[in-house]
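Trainee: One file is attached below, run.txt, containing compact mmCIF, C-alpha atoms.
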```txt
# COMPACT_ATOMS: atom_id res chain seq x y z
CA MET E 217 2.18 13.35 -18.23
CA PRO E 218 1.95 11.92 -21.75
CA HIS E 219 -1.50 11.07 -22.97
CA ASP E 220 -0.69 9.64 -26.37
CA HIS E 221 -0.91 5.97 -25.42
CA HIS E 222 -4.49 5.65 -24.28
CA ASP E 223 -4.59 1.95 -24.98
CA HIS E 224 -1.69 1.11 -22.71
CA LEU E 225 -1.37 3.77 -20.07
CA SER E 226 -3.79 5.12 -17.53
CA PRO E 227 -4.22 8.87 -16.99
CA SER E 228 -1.51 8.64 -14.34
CA GLY E 229 0.88 7.25 -16.93
CA HIS E 230 1.09 3.71 -15.56
CA PRO E 231 0.15 0.53 -17.37
CA TYR E 232 -3.24 -0.89 -16.57
CA ARG E 233 -3.14 -4.27 -14.91
CA ALA E 234 -4.87 -7.05 -16.82
CA ASP E 235 -8.46 -6.84 -15.76
CA ASN E 236 -11.89 -7.53 -17.12
CA ASP E 237 -11.01 -9.01 -20.50
CA GLU E 238 -8.19 -11.32 -19.43
CA PRO E 239 -8.84 -15.03 -18.70
CA LEU E 240 -10.37 -15.48 -15.28
CA SER E 241 -7.75 -16.48 -12.70
CA TYR E 242 -8.26 -18.79 -9.74
CA TRP E 243 -7.75 -15.92 -7.28
CA GLN E 244 -10.16 -13.66 -9.15
CA THR E 245 -12.70 -16.48 -8.95
CA MET E 246 -12.11 -16.58 -5.20
CA GLU E 247 -12.56 -12.81 -4.90
CA ILE E 248 -15.93 -12.96 -6.67
CA ALA E 249 -17.02 -15.93 -4.55
CA VAL E 250 -15.93 -14.37 -1.24
CA ARG E 251 -17.59 -11.05 -2.08
CA GLU E 252 -20.87 -12.70 -3.08
CA LEU E 253 -20.87 -14.92 0.00
CA LEU E 254 -20.33 -11.89 2.24
CA ILE E 255 -23.30 -10.20 0.56
CA GLU E 256 -25.49 -13.32 0.75
CA LYS E 257 -24.67 -13.74 4.43
CA GLY E 258 -25.59 -10.13 5.09
CA VAL E 259 -22.09 -9.18 6.27
CA SER E 260 -21.79 -6.50 3.62
CA ASN E 261 -23.53 -5.27 0.50
CA ALA E 262 -22.51 -4.06 -2.95
CA ALA E 263 -23.04 -0.40 -2.10
CA GLU E 264 -20.83 -0.61 0.97
CA ILE E 265 -18.06 -2.35 -0.97
CA ASN E 266 -18.24 0.22 -3.77
CA ALA E 267 -18.18 3.04 -1.22
CA GLN E 268 -15.05 1.57 0.36
CA ILE E 269 -13.36 1.37 -3.05
CA ASP E 270 -14.30 4.99 -3.73
CA ALA E 271 -12.99 6.07 -0.34
CA MET E 272 -9.65 4.39 -1.00
CA ASP E 273 -9.48 5.77 -4.55
CA ALA E 274 -10.06 9.26 -3.17
CA ARG E 275 -6.90 9.05 -1.06
CA SER E 276 -3.75 10.14 -2.84
CA PRO E 277 -0.36 11.72 -2.21
CA ALA E 278 -2.08 15.08 -2.77
CA ASP E 279 -3.59 14.64 0.71
CA GLY E 280 -0.18 14.18 2.27
CA ALA E 281 1.15 17.10 0.24
CA GLN E 282 -1.43 19.37 1.87
CA VAL E 283 -0.31 18.22 5.30
CA VAL E 284 3.36 18.80 4.49
CA ALA E 285 2.72 22.24 2.98
CA ARG E 286 0.78 23.27 6.06
CA ALA E 287 3.61 22.05 8.30
CA TRP E 288 6.00 24.21 6.28
CA THR E 289 3.86 27.31 6.65
CA ASP E 290 2.18 26.92 10.05
CA PRO E 291 4.69 26.39 12.89
CA ALA E 292 1.98 25.54 15.44
CA PHE E 293 0.56 22.90 13.12
CA ARG E 294 4.05 21.50 12.53
CA GLU E 295 4.42 21.06 16.29
CA ARG E 296 1.09 19.27 16.50
CA LEU E 297 1.97 17.07 13.51
CA LEU E 298 5.27 16.00 15.02
CA ALA E 299 3.61 15.40 18.40
CA ASN E 300 0.70 13.34 17.04
CA GLY E 301 0.55 12.72 13.31
CA SER E 302 -2.84 11.02 13.36
CA ASP E 303 -4.60 13.81 15.21
CA ALA E 304 -2.99 16.57 13.14
CA CYS E 305 -4.09 14.90 9.90
CA ARG E 306 -7.60 14.36 11.28
CA GLU E 307 -7.68 18.06 12.11
CA MET E 308 -7.29 18.71 8.37
CA GLY E 309 -10.20 16.37 7.64
CA PHE E 310 -8.29 13.25 6.62
CA ASP E 311 -9.63 9.88 7.76
CA ILE E 312 -6.63 8.22 9.33
CA GLY E 313 -8.64 5.41 10.91
CA ALA E 314 -7.17 3.55 13.85
CA LEU E 315 -3.61 3.82 12.59
CA GLN E 316 -0.98 5.53 14.61
CA LEU E 317 0.66 7.89 12.13
CA ILE E 318 4.08 9.25 13.02
CA ALA E 319 5.49 12.18 11.05
CA VAL E 320 9.28 12.36 10.81
CA GLU E 321 10.92 15.53 9.61
CA ASN E 322 13.88 15.90 7.28
CA THR E 323 16.36 18.57 8.33
CA ARG E 324 19.82 19.72 7.29
CA ASP E 325 21.29 16.88 9.36
CA VAL E 326 18.77 14.06 9.01
CA HIS E 327 17.10 12.33 6.09
CA ASN E 328 14.27 9.93 6.93
CA VAL E 329 13.03 7.01 4.84
CA ILE E 330 10.22 4.56 5.54
CA VAL E 331 9.98 0.85 4.80
CA CYS E 332 8.08 -2.22 5.97
CA THR E 333 10.50 -5.13 6.16
CA LEU E 334 7.86 -7.62 7.31
CA CYS E 335 5.02 -6.84 4.94
CA SER E 336 3.71 -3.77 3.16
CA CYS E 337 2.65 -1.36 5.92
CA TYR E 338 2.37 2.12 4.46
CA PRO E 339 0.55 5.34 5.43
CA ARG E 340 -2.27 4.25 3.09
CA ASN E 341 -4.94 6.27 4.83
CA LEU E 342 -3.06 9.46 4.03
CA LEU E 343 -1.22 8.68 0.77
CA GLY E 344 -3.39 5.97 -0.83
CA LEU E 345 -2.18 2.51 -1.79
CA ALA E 346 1.54 1.76 -1.78
CA PRO E 347 3.46 1.51 -5.05
CA ASP E 348 4.57 -1.99 -6.09
CA TRP E 349 8.24 -1.36 -5.45
CA TYR E 350 7.55 -0.50 -1.80
CA LYS E 351 6.28 -4.07 -1.38
CA SER E 352 9.15 -5.67 -3.31
CA ARG E 353 11.76 -7.98 -1.81
CA GLU E 354 14.51 -5.63 -2.96
CA TYR E 355 13.17 -2.55 -1.20
CA ARG E 356 12.15 -4.41 1.97
CA SER E 357 15.45 -6.26 2.28
CA ARG E 358 17.95 -3.59 1.45
CA THR E 359 16.55 -0.33 2.79
CA VAL E 360 17.44 -1.22 6.38
CA LYS E 361 20.89 -2.45 5.42
CA GLU E 362 22.21 -0.08 2.77
CA PRO E 363 19.78 2.85 2.65
CA ARG E 364 22.25 5.22 1.01
CA LYS E 365 22.67 2.83 -1.90
CA VAL E 366 18.94 2.23 -2.21
CA LEU E 367 18.27 5.97 -2.20
CA SER E 368 20.92 6.46 -4.89
CA GLU E 369 18.95 4.05 -7.07
CA PHE E 370 16.03 6.45 -6.73
CA GLY E 371 18.32 9.28 -7.77
CA VAL E 372 18.59 10.67 -4.25
CA SER E 373 22.12 11.43 -3.17
CA VAL E 374 22.37 11.99 0.58
CA PRO E 375 25.62 13.73 1.58
CA ASP E 376 27.90 11.80 3.91
CA GLY E 377 27.41 14.34 6.69
CA VAL E 378 23.65 13.75 6.72
CA GLN E 379 22.36 10.95 8.92
CA ILE E 380 19.85 8.57 7.37
CA ARG E 381 17.12 7.29 9.69
CA VAL E 382 15.20 4.26 8.43
CA HIS E 383 11.79 3.73 9.99
CA ASP E 384 10.42 0.18 9.84
CA SER E 385 6.63 0.34 9.86
CA THR E 386 4.26 -2.08 11.54
CA ALA E 387 0.59 -2.88 11.05
CA ASP E 388 -0.42 -0.41 13.76
CA MET E 389 2.33 2.20 13.40
CA ARG E 390 2.88 3.99 10.09
CA TYR E 391 5.36 6.71 9.28
CA VAL E 392 5.24 9.62 6.86
CA VAL E 393 8.22 11.79 5.99
CA ILE E 394 7.99 15.57 6.06
CA PRO E 395 10.51 16.46 3.36
CA ALA E 396 12.70 19.53 3.70
CA ARG E 397 11.15 22.68 2.30
CA PRO E 398 12.96 23.63 -0.93
CA GLU E 399 15.01 26.79 -0.94
CA GLY E 400 13.67 29.69 -2.92
CA THR E 401 10.08 29.20 -1.76
CA GLU E 402 10.00 31.95 0.87
CA GLY E 403 6.62 33.59 0.99
CA TRP E 404 4.88 30.88 -1.05
CA SER E 405 1.33 29.89 -0.15
CA ALA E 406 0.63 26.44 1.26
CA GLU E 407 -1.34 25.68 -1.88
CA ALA E 408 1.59 26.48 -4.17
CA LEU E 409 4.01 24.61 -1.91
CA ALA E 410 1.84 21.48 -1.97
CA ASP E 411 2.54 21.11 -5.69
CA LEU E 412 6.21 20.57 -4.84
CA VAL E 413 5.52 17.65 -2.50
CA THR E 414 5.78 14.30 -4.27
CA ARG E 415 4.70 10.88 -3.03
CA ASP E 416 8.29 9.67 -2.96
CA SER E 417 9.36 12.71 -0.93
CA MET E 418 6.91 11.56 1.77
CA ILE E 419 8.37 8.02 1.66
CA GLY E 420 11.89 9.40 1.77
CA THR E 421 12.94 7.96 -1.59
CA GLY E 422 12.60 11.40 -3.13
CA LEU E 423 12.97 15.08 -2.30
CA ALA E 424 10.44 17.84 -2.69
CA LYS E 425 10.60 19.43 -6.11
CA THR E 426 12.56 22.66 -6.41
CA PRO E 427 10.87 25.67 -7.97
CA MET K 41 21.73 -25.41 2.25
CA THR K 42 22.01 -22.43 4.52
CA GLU K 43 21.27 -22.84 8.18
CA PHE K 44 18.03 -21.44 9.58
CA ASP K 45 18.84 -17.94 10.75
CA GLY K 46 15.94 -17.59 13.16
CA LYS K 47 13.80 -15.56 10.80
CA ARG K 48 10.77 -16.66 8.81
CA TRP K 49 10.63 -15.91 5.09
CA HIS K 50 8.61 -12.71 5.37
CA ASP K 51 11.18 -11.12 7.69
CA MET K 52 13.24 -9.73 4.83
CA GLY K 53 15.05 -6.85 6.51
CA GLY K 54 18.79 -6.99 5.96
CA ALA K 55 18.76 -9.84 3.46
CA GLY K 56 20.61 -9.35 0.21
CA ALA K 57 18.71 -8.61 -2.97
CA GLY K 58 19.15 -6.91 -6.30
CA PRO K 59 18.40 -3.32 -7.32
CA VAL K 60 14.99 -1.88 -6.53
CA VAL K 61 12.92 -1.91 -9.71
CA PRO K 62 10.69 1.17 -9.60
CA ALA K 63 7.64 -0.78 -10.78
CA GLU K 64 4.09 0.36 -10.20
CA HIS K 65 0.71 -0.14 -11.78
CA ASP K 66 -2.79 1.16 -11.47
CA PHE K 67 -4.87 -1.30 -9.52
CA ALA K 68 -7.41 -3.41 -11.34
CA LEU K 69 -11.02 -3.51 -10.18
CA TRP K 70 -10.67 -6.98 -8.70
CA GLU K 71 -7.62 -5.84 -6.71
CA LYS K 72 -9.52 -2.84 -5.37
CA ARG K 73 -12.34 -5.16 -4.39
CA VAL K 74 -9.96 -7.41 -2.47
CA ASP K 75 -8.57 -4.35 -0.70
CA ALA K 76 -12.08 -3.18 0.15
CA LEU K 77 -13.09 -6.61 1.48
CA MET K 78 -10.04 -6.68 3.76
CA VAL K 79 -10.78 -3.23 5.16
CA LEU K 80 -14.52 -3.87 5.60
CA CYS K 81 -14.11 -7.31 7.18
CA SER K 82 -11.44 -6.10 9.59
CA THR K 83 -13.49 -3.00 10.44
CA LYS K 84 -16.43 -5.28 11.21
CA GLY K 85 -14.24 -7.29 13.56
CA LEU K 86 -14.23 -10.54 11.56
CA PHE K 87 -10.45 -10.64 11.73
CA THR K 88 -7.48 -8.36 12.36
CA VAL K 89 -4.59 -7.19 10.20
CA ASP K 90 -2.47 -9.58 12.25
CA GLY K 91 -4.79 -12.40 11.17
CA LEU K 92 -4.33 -11.40 7.55
CA ARG K 93 -0.56 -11.36 7.93
CA ARG K 94 -0.45 -14.63 9.82
CA ALA K 95 -2.25 -16.37 6.96
CA ILE K 96 0.12 -14.85 4.39
CA GLU K 97 3.22 -15.71 6.40
CA ASP K 98 2.03 -19.32 6.74
CA MET K 99 1.87 -19.65 2.94
CA GLY K 100 5.65 -20.00 2.79
CA PRO K 101 8.30 -18.27 0.71
CA ASP K 102 7.30 -19.61 -2.70
CA VAL K 103 4.09 -17.61 -2.81
CA PHE K 104 6.05 -14.37 -2.85
CA GLU K 105 7.46 -15.35 -6.23
CA ASN K 106 4.48 -17.26 -7.64
CA THR K 107 1.50 -15.12 -6.75
CA THR K 108 0.64 -11.45 -6.85
CA TYR K 109 0.06 -9.25 -3.82
CA TYR K 110 -3.72 -9.35 -4.05
CA ASP K 111 -3.72 -13.08 -4.87
CA ARG K 112 -2.21 -13.56 -1.43
CA TRP K 113 -4.56 -11.09 0.16
CA ILE K 114 -7.76 -12.74 -1.08
CA ALA K 115 -6.41 -16.14 -0.02
CA ALA K 116 -5.70 -14.73 3.44
CA VAL K 117 -9.04 -12.92 3.70
CA ASN K 118 -10.79 -16.15 2.73
CA GLN K 119 -8.80 -18.20 5.26
CA ASN K 120 -9.72 -15.80 8.05
CA LEU K 121 -13.40 -15.70 7.09
CA ILE K 122 -13.64 -19.49 7.12
CA GLU K 123 -11.94 -19.54 10.52
CA ALA K 124 -14.39 -16.89 11.74
CA GLY K 125 -17.29 -19.07 10.64
CA THR K 126 -18.62 -16.49 8.18
CA TYR K 127 -19.11 -19.28 5.63
CA THR K 128 -17.92 -22.85 5.30
CA LEU K 129 -15.29 -24.38 3.05
CA GLY K 130 -18.12 -26.25 1.31
CA GLU K 131 -19.99 -23.03 0.60
CA LEU K 132 -16.84 -21.47 -0.81
CA GLY K 133 -16.19 -24.45 -3.08
CA ALA K 134 -19.74 -24.48 -4.42
CA LYS K 135 -19.68 -20.73 -5.03
CA MET K 136 -16.30 -20.82 -6.79
CA ASP K 137 -17.56 -23.62 -9.07
CA GLU K 138 -20.62 -21.60 -9.92
CA VAL K 139 -18.61 -18.42 -10.58
CA ALA K 140 -16.10 -20.22 -12.80
CA LYS K 141 -18.91 -21.50 -15.03
CA ARG K 142 -20.20 -18.01 -15.80
CA GLY K 143 -17.59 -17.18 -18.41
CA GLU K 144 -13.95 -17.08 -19.32
CA THR K 145 -13.12 -13.53 -18.29
CA TYR K 146 -13.28 -11.68 -14.99
CA GLY K 147 -15.90 -9.33 -16.41
CA GLN K 148 -18.19 -12.20 -17.36
CA ALA K 149 -17.70 -14.13 -14.12
CA ALA K 150 -18.14 -11.04 -11.95
CA ARG K 151 -21.12 -9.89 -14.01
CA GLY K 152 -19.60 -6.44 -14.11
```
Please express the file's structure as structure tokens.

Mentor:
Amino acid sequence: MPHDHHDHLSPSGHPYRADNDEPLSYWQTMEIAVRELLIEKGVSNAAEINAQIDAMDARSPADGAQVVARAWTDPAFRERLLANGSDACREMGFDIGALQLIAVENTRDVHNVIVCTLCSCYPRNLLGLAPDWYKSREYRSRTVKEPRKVLSEFGVSVPDGVQIRVHDSTADMRYVVIPARPEGTEGWSAEALADLVTRDSMIGTGLAKTP
Amino acid sequence: MTEFDGKRWHDMGGAGAGPVVPAEHDFALWEKRVDALMVLCSTKGLFTVDGLRRAIEDMGPDVFENTTYYDRWIAAVNQNLIEAGTYTLGELGAKMDEVAKRGETYGQAARG
């Protein structure tokens, strides 16, 4: 990842959103007011809010990558993951909360992709916050109608003989894709395999990296 | 004008749209705070995710173009908290006035 534009890009390579030194917006004013009222009313406190931010920041696609790599290397775990995604992820120490997490597996014959047509439901407790495009009108509208075309825009070409299954998420039911294990990785450790698992491969808009 | 097709504006599945723009950004502090408030308030039982969505869906289609994701979220969190009786509309108004007078930037108004 390039690090030569410190003023404009974050360490992850994305632009920072206007924040502390931009003119105060109406909705930012509301956020400050709501947060302070919640603290004044004793509903929450600054430490609890900061802890929640830290907990969310700590979640990232690297967590999901560990789950996928284990499913690739541990057949019994794979069975448990496909049977109950929430419990299998909890078993690895991830806080899935009350969500029902359903893992769907890519095979030679099936490619899975996840979307939320109604809102922005995403396996946030495993992968962290959703990227902007996942919440966009374009992705939400078209993925259920012309998934092959949408995937091609992400550079993913799914052969005609492979069925595409689109999973529309809900508030209570979130999906995560187990991408196909790349060829040429026989004998690899779960740790090494996890480096091949990208965020987009767990959404279905990407494939696992090839070695 | 097109006829009503039985779906509300948020029910976007199957509608036509342009290419997916692979946009993403790192979340600003105020956005992370909104996210945290939603999670904490729903965990504490003040409202549900369905309550959050209901408020957003009732905002109508224009908000999707005119506001950002977390603009809509804080508006919906606020709506649900007022409905839950956590604070009153009057208390919110007074607090927002006070916050707005603290300075011209988020950093100044939030005092950090």

Trainee: How many Å separate atom CA of E:Phe310 from atom CA of E:Cys337?

Mentor: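 Atom CA of E:Cys337 lies 18.3 Å from atom CA of E:Phe310.
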
Trainee: Which one is closest to chain E: K:Glu105, K:Asp45, K:Glu97, K:Asp66? Count all atoms listed in the file.

Mentor: K:Asp66

Trainee: How many Å separate atom CA of E:Val259 from atom CA of K:Ala116?

Mentor: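 Separation of atom CA of E:Val259 and atom CA of K:Ala116: 17.5 Å.
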
Trainee: Which residue, E:Ala346, E:Met246, E:Cys305, E:Cys335, has the smallest gap to E:Val283 when you use all atoms listed in the file?

Mentor: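 Ranked by minimum distance to E:Val283, first place goes to E:Cys305.
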
Trainee: Between K:Arg142, K:His50, K:Arg94, K:Arg151, which one has atoms that come closest to chain E, using all atoms listed in the file?

Mentor: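 Residue with the minimum atom-to-atom distance to chain E: K:His50.
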